Amino acid sequence: MLLPWVALLVQAQEPTPSDRARERAAEAVKSGNMTNALTVISDAIKADPKDARLWNFRAQLRSLLGDSSGAVTDLTEGIRINPKSGFLHQDRAVERFKMGQIPEAASDFDRANELNPELVPYNWQRGIALYYAKRYADGRKQFEDHRTVNPNDVENAVWHFLCVARAEGTNAAHKVFMPISSDSRVPMAEIHELFAGEAPESEVVEAANAVTGPREEQRQARFHALLYLGLYADVLGRSDEARGYLKQAVDLAAPRDFMGHVARVHLNRLGPAPSAASAQP
(Lines give C-alpha, C1' and ligand atoms only; values in the text may rest on other atoms or scores of the structure.)
Protein backbone atom coordinates (compact mmCIF):
# COMPACT_ATOMS: atom_id res chain seq x y z
CA MET A 1 0.00 0.00 0.00
CA LEU A 2 1.25 3.47 -0.90
CA LEU A 3 1.80 5.99 1.83
CA PRO A 4 -0.72 8.88 1.58
CA TRP A 5 1.85 11.38 0.32
CA VAL A 6 3.16 8.94 -2.27
CA ALA A 7 -0.37 8.33 -3.52
CA LEU A 8 -0.86 12.08 -3.88
CA LEU A 9 2.41 12.37 -5.79
CA VAL A 10 1.44 9.61 -8.21
CA GLN A 11 -1.95 11.22 -8.70
CA ALA A 12 -0.32 14.59 -9.35
CA GLN A 13 1.86 13.04 -12.04
CA GLU A 14 -1.05 11.64 -14.00
CA PRO A 15 -1.17 13.40 -17.40
CA THR A 16 -3.90 15.99 -17.74
CA PRO A 17 -6.01 16.42 -20.87
CA SER A 18 -3.78 19.37 -21.74
CA ASP A 19 -0.69 17.19 -21.36
CA ARG A 20 -2.18 14.57 -23.65
CA ALA A 21 -3.15 17.21 -26.21
CA ARG A 22 0.39 18.55 -26.30
CA GLU A 23 1.73 15.02 -26.72
CA ARG A 24 -0.61 14.37 -29.64
CA ALA A 25 0.30 17.68 -31.22
CA ALA A 26 4.00 16.95 -30.81
CA GLU A 27 3.55 13.64 -32.58
CA ALA A 28 1.72 15.39 -35.39
CA VAL A 29 4.63 17.82 -35.76
CA LYS A 30 7.10 14.94 -35.93
CA SER A 31 5.06 13.39 -38.73
CA GLY A 32 4.95 16.70 -40.59
CA ASN A 33 1.23 17.28 -40.09
CA MET A 34 1.24 20.85 -38.82
CA THR A 35 -2.43 21.37 -39.67
CA ASN A 36 -3.42 18.52 -37.37
CA ALA A 37 -1.12 19.78 -34.65
CA LEU A 38 -2.75 23.21 -34.76
CA THR A 39 -6.21 21.65 -34.67
CA VAL A 40 -5.37 19.51 -31.64
CA ILE A 41 -3.94 22.45 -29.68
CA SER A 42 -6.70 24.84 -30.70
CA ASP A 43 -9.32 22.36 -29.51
CA ALA A 44 -7.42 21.95 -26.25
CA ILE A 45 -7.35 25.73 -25.78
CA LYS A 46 -11.12 25.87 -26.23
CA ALA A 47 -11.48 23.20 -23.53
CA ASP A 48 -8.96 24.78 -21.14
CA PRO A 49 -8.29 28.41 -22.10
CA LYS A 50 -6.52 29.18 -18.82
CA ASP A 51 -3.58 26.83 -19.45
CA ALA A 52 -0.72 29.11 -20.52
CA ARG A 53 1.26 26.10 -21.73
CA LEU A 54 -1.28 25.51 -24.49
CA TRP A 55 -1.07 29.10 -25.69
CA ASN A 56 2.71 28.80 -25.67
CA PHE A 57 2.60 25.54 -27.61
CA ARG A 58 0.39 27.02 -30.30
CA ALA A 59 2.66 30.05 -30.46
CA GLN A 60 5.59 27.73 -31.18
CA LEU A 61 3.64 26.04 -33.95
CA ARG A 62 2.76 29.38 -35.49
CA SER A 63 6.37 30.45 -35.26
CA LEU A 64 7.45 27.32 -37.11
CA LEU A 65 4.95 28.22 -39.82
CA GLY A 66 6.36 31.74 -40.10
CA ASP A 67 3.32 33.37 -38.47
CA SER A 68 5.05 35.66 -35.98
CA SER A 69 1.95 37.86 -35.63
CA GLY A 70 -0.15 34.88 -34.59
CA ALA A 71 2.60 33.70 -32.27
CA VAL A 72 2.70 37.11 -30.56
CA THR A 73 -1.08 37.02 -30.09
CA ASP A 74 -0.89 33.61 -28.42
CA LEU A 75 2.10 34.51 -26.28
CA THR A 76 0.36 37.70 -25.16
CA GLU A 77 -2.56 35.62 -23.91
CA GLY A 78 -0.14 33.23 -22.21
CA ILE A 79 1.53 36.18 -20.47
CA ARG A 80 -1.86 37.49 -19.37
CA ILE A 81 -2.46 34.13 -17.67
CA ASN A 82 1.10 33.74 -16.35
CA PRO A 83 2.70 37.20 -16.21
CA LYS A 84 5.73 35.98 -14.23
CA SER A 85 6.94 33.63 -16.98
CA GLY A 86 10.29 34.83 -18.26
CA PHE A 87 10.21 32.20 -21.00
CA LEU A 88 6.97 33.55 -22.45
CA HIS A 89 8.40 37.06 -22.50
CA GLN A 90 11.57 35.75 -24.13
CA ASP A 91 9.63 33.95 -26.85
CA ARG A 92 7.45 36.97 -27.51
CA ALA A 93 10.55 39.16 -27.72
CA VAL A 94 12.00 36.92 -30.42
CA GLU A 95 8.79 36.99 -32.47
CA ARG A 96 8.48 40.74 -32.10
CA PHE A 97 12.08 41.14 -33.24
CA LYS A 98 11.34 39.06 -36.34
CA MET A 99 8.51 41.48 -37.14
CA GLY A 100 10.81 44.47 -36.75
CA GLN A 101 9.05 45.66 -33.57
CA ILE A 102 12.33 46.62 -31.92
CA PRO A 103 11.21 48.71 -28.89
CA GLU A 104 8.59 46.09 -27.98
CA ALA A 105 11.09 43.27 -28.42
CA ALA A 106 13.67 45.03 -26.26
CA SER A 107 11.06 45.58 -23.54
CA ASP A 108 10.15 41.89 -23.54
CA PHE A 109 13.81 40.84 -23.45
CA ASP A 110 14.32 43.18 -20.47
CA ARG A 111 11.39 41.59 -18.66
CA ALA A 112 12.67 38.09 -19.44
CA ASN A 113 16.00 39.00 -17.82
CA GLU A 114 14.24 40.40 -14.78
CA LEU A 115 12.15 37.27 -14.32
CA ASN A 116 14.98 34.78 -15.00
CA PRO A 117 18.17 36.47 -13.75
CA GLU A 118 20.09 33.20 -13.87
CA LEU A 119 19.69 33.20 -17.66
CA VAL A 120 20.90 36.77 -18.20
CA PRO A 121 24.40 35.82 -19.45
CA TYR A 122 22.91 33.56 -22.12
CA ASN A 123 20.56 36.15 -23.60
CA TRP A 124 22.66 37.28 -26.57
CA GLN A 125 19.50 37.85 -28.59
CA ARG A 126 18.62 40.66 -26.21
CA GLY A 127 21.95 42.33 -26.96
CA ILE A 128 21.16 42.39 -30.67
CA ALA A 129 17.71 43.85 -30.03
CA LEU A 130 19.26 46.54 -27.82
CA TYR A 131 21.68 47.45 -30.61
CA TYR A 132 18.78 48.12 -32.95
CA ALA A 133 16.95 49.98 -30.17
CA LYS A 134 20.06 52.24 -29.99
CA ARG A 135 20.58 51.28 -26.36
CA TYR A 136 24.26 50.77 -27.02
CA ALA A 137 25.53 50.83 -23.43
CA ASP A 138 22.97 48.22 -22.38
CA GLY A 139 23.81 46.12 -25.42
CA ARG A 140 27.51 46.33 -24.65
CA LYS A 141 26.86 45.11 -21.12
CA GLN A 142 24.74 42.20 -22.40
CA PHE A 143 27.53 41.02 -24.68
CA GLU A 144 30.05 41.38 -21.86
CA ASP A 145 27.78 39.19 -19.73
CA HIS A 146 27.51 36.65 -22.55
CA ARG A 147 31.28 36.49 -22.79
CA THR A 148 31.37 34.97 -19.28
CA VAL A 149 29.55 31.87 -20.54
CA ASN A 150 30.71 31.87 -24.18
CA PRO A 151 34.20 33.38 -24.26
CA ASN A 152 35.22 32.27 -27.76
CA ASP A 153 32.28 33.45 -29.85
CA VAL A 154 33.37 35.79 -32.64
CA GLU A 155 29.80 36.96 -33.21
CA ASN A 156 29.55 38.11 -29.59
CA ALA A 157 32.80 40.05 -29.98
CA VAL A 158 31.55 41.68 -33.17
CA TRP A 159 28.23 42.80 -31.69
CA HIS A 160 30.08 44.20 -28.67
CA PHE A 161 32.31 46.10 -31.14
CA LEU A 162 29.26 47.44 -32.98
CA CYS A 163 27.66 48.72 -29.76
CA VAL A 164 30.85 50.49 -28.71
CA ALA A 165 31.44 51.86 -32.21
CA ARG A 166 27.96 53.39 -32.40
CA ALA A 167 28.31 54.97 -28.98
CA GLU A 168 31.98 56.01 -28.96
CA GLY A 169 33.41 55.50 -32.43
CA THR A 170 35.40 52.73 -34.09
CA ASN A 171 38.70 53.76 -32.50
CA ALA A 172 37.23 53.20 -29.04
CA ALA A 173 35.71 49.92 -30.23
CA HIS A 174 39.09 48.66 -31.45
CA LYS A 175 40.62 49.36 -28.04
CA VAL A 176 38.18 47.07 -26.25
CA PHE A 177 37.70 44.50 -29.02
CA MET A 178 37.35 41.06 -27.45
CA PRO A 179 40.19 38.67 -28.31
CA ILE A 180 38.96 35.32 -29.64
CA SER A 181 41.20 32.31 -30.21
CA SER A 182 39.12 29.23 -30.90
CA ASP A 183 35.91 29.85 -32.85
CA SER A 184 36.32 27.08 -35.42
CA ARG A 185 33.41 28.11 -37.64
CA VAL A 186 34.35 29.34 -41.09
CA PRO A 187 34.86 32.24 -41.74
CA MET A 188 34.75 33.47 -38.13
CA ALA A 189 38.52 33.87 -37.77
CA GLU A 190 38.61 36.11 -40.84
CA ILE A 191 35.56 38.07 -39.63
CA HIS A 192 37.32 38.68 -36.31
CA GLU A 193 40.44 39.89 -38.10
CA LEU A 194 38.32 42.15 -40.30
CA PHE A 195 36.71 43.93 -37.35
CA ALA A 196 40.08 44.10 -35.61
CA GLY A 197 41.40 46.01 -38.62
CA GLU A 198 43.88 43.24 -39.42
CA ALA A 199 42.43 41.74 -42.62
CA PRO A 200 40.69 42.98 -45.78
CA GLU A 201 37.12 42.07 -46.68
CA SER A 202 38.39 39.88 -49.50
CA GLU A 203 39.81 37.37 -47.00
CA VAL A 204 36.35 36.85 -45.49
CA VAL A 205 34.89 36.17 -48.92
CA GLU A 206 37.74 33.85 -49.93
CA ALA A 207 37.47 31.81 -46.72
CA ALA A 208 33.71 31.39 -47.12
CA ASN A 209 34.00 30.42 -50.79
CA ALA A 210 36.72 27.88 -49.98
CA VAL A 211 34.36 25.71 -47.89
CA THR A 212 33.86 22.43 -49.73
CA GLY A 213 31.91 20.39 -47.18
CA PRO A 214 28.18 19.64 -47.19
CA ARG A 215 25.94 22.16 -48.92
CA GLU A 216 24.54 23.40 -45.61
CA GLU A 217 28.03 24.17 -44.34
CA GLN A 218 28.72 26.12 -47.51
CA ARG A 219 25.48 28.06 -47.11
CA GLN A 220 26.21 28.93 -43.49
CA ALA A 221 29.73 30.09 -44.29
CA ARG A 222 28.58 32.35 -47.13
CA PHE A 223 25.64 33.65 -45.11
CA HIS A 224 27.81 34.65 -42.15
CA ALA A 225 30.40 36.22 -44.44
CA LEU A 226 27.78 38.37 -46.18
CA LEU A 227 25.95 39.30 -42.97
CA TYR A 228 29.06 40.54 -41.19
CA LEU A 229 30.50 42.21 -44.26
CA GLY A 230 27.20 44.09 -44.43
CA LEU A 231 27.33 45.09 -40.78
CA TYR A 232 30.97 46.14 -41.17
CA ALA A 233 30.28 48.27 -44.22
CA ASP A 234 27.33 49.92 -42.50
CA VAL A 235 29.16 50.84 -39.31
CA LEU A 236 31.80 52.51 -41.51
CA GLY A 237 29.09 54.52 -43.27
CA ARG A 238 29.18 52.62 -46.56
CA SER A 239 25.45 52.10 -46.83
CA ASP A 240 25.27 51.09 -50.49
CA GLU A 241 27.83 48.33 -50.00
CA ALA A 242 26.02 47.24 -46.85
CA ARG A 243 22.75 46.89 -48.78
CA GLY A 244 24.45 44.76 -51.40
CA TYR A 245 25.95 42.37 -48.87
CA LEU A 246 22.79 42.15 -46.79
CA LYS A 247 20.52 41.50 -49.76
CA GLN A 248 22.68 38.49 -50.60
CA ALA A 249 22.67 37.38 -46.95
CA VAL A 250 18.88 37.53 -46.84
CA ASP A 251 18.69 35.39 -49.97
CA LEU A 252 20.87 32.75 -48.26
CA ALA A 253 19.20 32.93 -44.84
CA ALA A 254 17.52 29.85 -43.41
CA PRO A 255 13.82 30.60 -42.73
CA ARG A 256 13.96 29.81 -39.00
CA ASP A 257 17.44 31.14 -38.25
CA PHE A 258 17.41 34.12 -35.87
CA MET A 259 20.45 35.61 -37.59
CA GLY A 260 18.60 35.42 -40.88
CA HIS A 261 15.96 37.65 -39.34
CA VAL A 262 18.74 39.96 -38.13
CA ALA A 263 19.87 40.35 -41.74
CA ARG A 264 16.29 41.19 -42.81
CA VAL A 265 15.79 43.66 -39.97
CA HIS A 266 19.05 45.43 -40.72
CA LEU A 267 18.37 45.61 -44.45
CA ASN A 268 14.89 47.00 -43.84
CA ARG A 269 16.25 49.63 -41.50
CA LEU A 270 18.75 50.76 -44.13
CA GLY A 271 15.85 51.42 -46.47
CA PRO A 272 16.05 51.56 -50.25
CA ALA A 273 19.10 52.96 -51.98
CA PRO A 274 18.67 56.61 -52.92
CA SER A 275 17.75 57.12 -56.57
CA ALA A 276 20.26 58.71 -58.89
CA ALA A 277 18.09 61.84 -59.09
CA SER A 278 17.74 62.26 -55.35
CA ALA A 279 21.44 61.62 -54.84
CA GLN A 280 22.39 64.64 -56.96
CA PRO A 281 23.28 67.85 -55.06
# chains A, B, ... in the order shown; residues from 1 in each chain; ligands from 1
>>> residues_around(residues="region 237-246 of chain A", least_positions_apart="4", cutoff="10 Å", atoms="only C-alpha atoms", output="ChimeraX atom specification")
/A:223,225-233,250-252,260,262-268,270-274
>>> residues_around(residues="Arg96 (chain A)", least_positions_apart="4", cutoff="8 Å", atoms="only C-alpha atoms", output="list in words")
Ser68, Ser69, Val72, Arg92, Gly100, Gln101, Ile102, Glu104 and Ala105 of chain A
>>> closest_residue(among="A:Ala254, A:Leu194, A:Val186, A:Ala173", to="Glu217 (chain A)", atoms="only C-alpha atoms")
A:Val186
>>> select_by_dssp(residues="region 46-259 of chain A", states="helix (DSSP H, G or I)", output="PyMOL selection string")
chain A and resi 46-47+52-64+68-81+86-98+102-115+117-122+124-132+136-147+154-168+170-175+188-195+201-209+215-235+239-252+258-259
>>> residues_around(residues="Ile81 (chain A)", least_positions_apart="5", cutoff="9 Å", atoms="only C-alpha atoms", output="PyMOL selection string")
chain A and resi 50-52+76
>>> atom_distance(atom1="CA of Phe161 (chain A)", atom2="CA of Phe177 (chain A)")
6.0 Å
>>> residues_around(residues="Ile79 (chain A)", least_positions_apart="3", cutoff="12 Å", atoms="only C-alpha atoms", output="number ranges by chain")
A: 50-56, 59, 72-76, 82-93, 108, 111-112
>>> closest_residue(among="A:Lys30, A:Arg22, A:Arg222, A:Lys134", to="Arg58 (chain A)", atoms="only C-alpha atoms")
A:Arg22
>>> residues_around(residues="Ile128 (chain A)", least_positions_apart="2", cutoff="12 Å", atoms="only C-alpha atoms", output="VMD selection string")
chain A and resid 93 to 94 97 to 98 102 to 103 105 to 106 109 123 to 126 130 to 143 146 155 to 163 258 to 259 261 to 263 265 to 266
>>> atom_distance(atom1="CA of Glu77 (chain A)", atom2="CA of Glu14 (chain A)")
26.0 Å
